[in-house]
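> A single structure is presented below for examination.
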Amino acid sequence: MYFQHVYDKSLAQASYFIGCQKEGVAIVIDPKRDVDTYLEIAKQNKMKITHVAETHIHADFLSGSRELVALTGADLYLSDEGGEGWQYEFPHVGLKDGSTFKVGNLKFEVFHTPGHTPESISFLLTDVPSSDKPVMMFTGDFVFVGDVGRPDLLEEAAGIKGTKEVGAKQMFKSVERFRQLAEYIQVWPGHGAGSACGKALGAVPSTTVGYEKVRNWALQHENDETGFVKYLLEDQPEPPKYFAMMKKLNKVDRKLMTEVPALKKLSKEDFKAAMDKGIKVIDTRMKTDFAKGFIPGTINIQGNNAFATWMGWFLSYDEPFILIADEATHDDLTRKLMRIGLDNIYGYVPGVEVWEQLGNKLEKASVISLDEFKDILKTNHTQVVDLRGAAEYKTGHIKGTDNVFIGTLEKNLDKIKKDQQVIIHCQSGDRSSIGYSILAKNGFKNVKNYSGGMGEWANAGEPIVTDN
């Protein structure tokens with residue numbers, strides 16, 4: 001058996017290439033959309049991708065399953081569980097609980113594991129020439145390292161009311177079934193730490209059934225469905241806005257993108273005309289560079305591992321947008337955008353110099369230090385806004401601060417005061433840089449960014465209060 005774990009750090013998303021070396025055939029489970037990665041693995045190992053499979057209709061990334069099928073001619077294996085409304089709307093080989101199929105000498109058995117979503121399935125793998133017992137389980141968003149998939153996304157992100165309690169109870173039953181599996185079975189989940197599909201995901205890539213029985217909170221609630229449901233549903237992080245669109249696009253027949261597109265460079269005249277039309281401009285530079293000089297009206301979303309997530313919060317799928325991005329970053333940024341289906345890139349400019357070439361001046365962000373922040377707190381008429389998520393705020397915050405989650409800031413501008421000084425902060429400055437750019441774009445002139453955030457504040461031993 002050939003096995004390769006493919007991990008996308010930007011979305012904390014795992015996919016798997018598993019091949020039968022004797023037969024020269026392979027399966028890919030839960031592929032990302034830029035599928036050239038899997039084609040290269042197949043080429044290097046002289047294998048043909050004959051099977052592509054998914055564990056469920058994903059909410060956090062745009063699956064590359066159909067792109068991979070289009071390029072390889074592989075068969076597509078998808079869940080037919082979940083009942084009405086949970087069926088994929090394009091041709092595939094349907095799978096039910098107990099279904100089996102083979103990839104060369106590798107046997108895959110389907111487990112229906114609802115909870116995260118009604119149609120979720122897991123795959124048990126048996127390496128037939130070596131053993132008649134399963135050795136690996138690919139769990140998707142069912143069991144993670146130290147956690148299980150959240151059941152509230154359908155309600156919180158996709159707006160399907162009354163589903164989270166039902167999903168939590170289904171998850172309890174699925175976990176009890178998982179408990180009965182042999183402890184030596186390796187568990188390979190669909191996500192790692194940093195994913196919004198759970199609240200306590202571990203950072204190591206895999207685990208075992210036995211290890212999870214010892215350390216996973218979800219397996220400590222045997223015969224306690226009420227306690228399990230309560231803990232599973234409380235304090236989950238805010239689901240990114242784009243999740244609802246992913247649910248739709250992963251289910252319906254959509255346009256395919258089988259290669260990474262090239263970006264169009266805009267002339268300074270084209271750039272000005274686009275800005276005059278109101279086309280959104282995203283400055284992908286680091287927050288420190290943005291603070292030193294930025295084009296008025298642009299939004300700072302750094303091109304780091306969180307780039308796709310925040311782009312999904314602040315852009316809609318029907319609007320074009322422009323990137324301020326150095327050419328060396330294009331392949332990385334375009335792949336990250338592909339993975340959540342943000343394909344409507346109008347063009348790019350390599351830097352903010354284009355604005356100065358047009359005869360305009362850059363603006364500078366007002367960034368303050370810890371000492372400056374503490375001095376300002378001693379005065380009156382200052383609003384301090386914590387841009388972190390509600391669960392983070394509840395765990396510990398600076399006394400007297402207001403909480404407005406950065407992802408919803410544009411919808412809550414009325415909560416930011418224009419008649420007095422405002423200081424914004426987050427954990428370490430990335431989100432507050434986004435926030436500063438959004439507030440500046442919307443005409444706020446009285447904002448300062450305490451970039452050190454709660455991380456610096458706590459490390460300095462300053463007082464923190466909690467919501468119990």
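Chain labels A, B, ... are given in the sequence in which chains occur in the structure tokens; within each chain residues are numbered consecutively from 1, and ligands are likewise numbered from 1 in the order shown.
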Could you make a table, as a Markdown table, of the residues of segment 219-257 of chain A that have an atom within 7 Å of an atom of segment 177-199 of chain A, each with its nearest atom pair and distance in Å to one decimal, counting only C-alpha atoms, in chain and number order?


| residue | atom | partner | partner_atom | distance |
| --- | --- | --- | --- | --- |
| A:Gln236 | CA | A:Lys199 | CA | 5.7 |
| A:Pro237 | CA | A:Ala196 | CA | 6.5 |
| A:Pro239 | CA | A:Ala196 | CA | 6.3 |

> If you count only C-alpha atoms, which residues fall within 8 Å of segment 110-125 of chain A, apart from same-chain ones fewer than 3 positions away, as a PyMOL selection string?

chain A and resi 55-57+79-83+86+95-100+106-107+134-142+149-154+166-172+174

> Could you tell me which of A:Leu71, A:Met257, A:Ile434, A:Leu342 comes closest to Pro320 of chain A if we count only C-alpha atoms?

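Using only C-alpha atoms, Pro320 of chain A sits closest to A:Leu342.
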
> Near segment 66-68 of chain A, counting only C-alpha atoms, which residues have an atom at most 7 Å away, once you skip same-chain residues fewer than 6 positions from it, shown as an NGL selection string?

:A and (35 or 256-258)
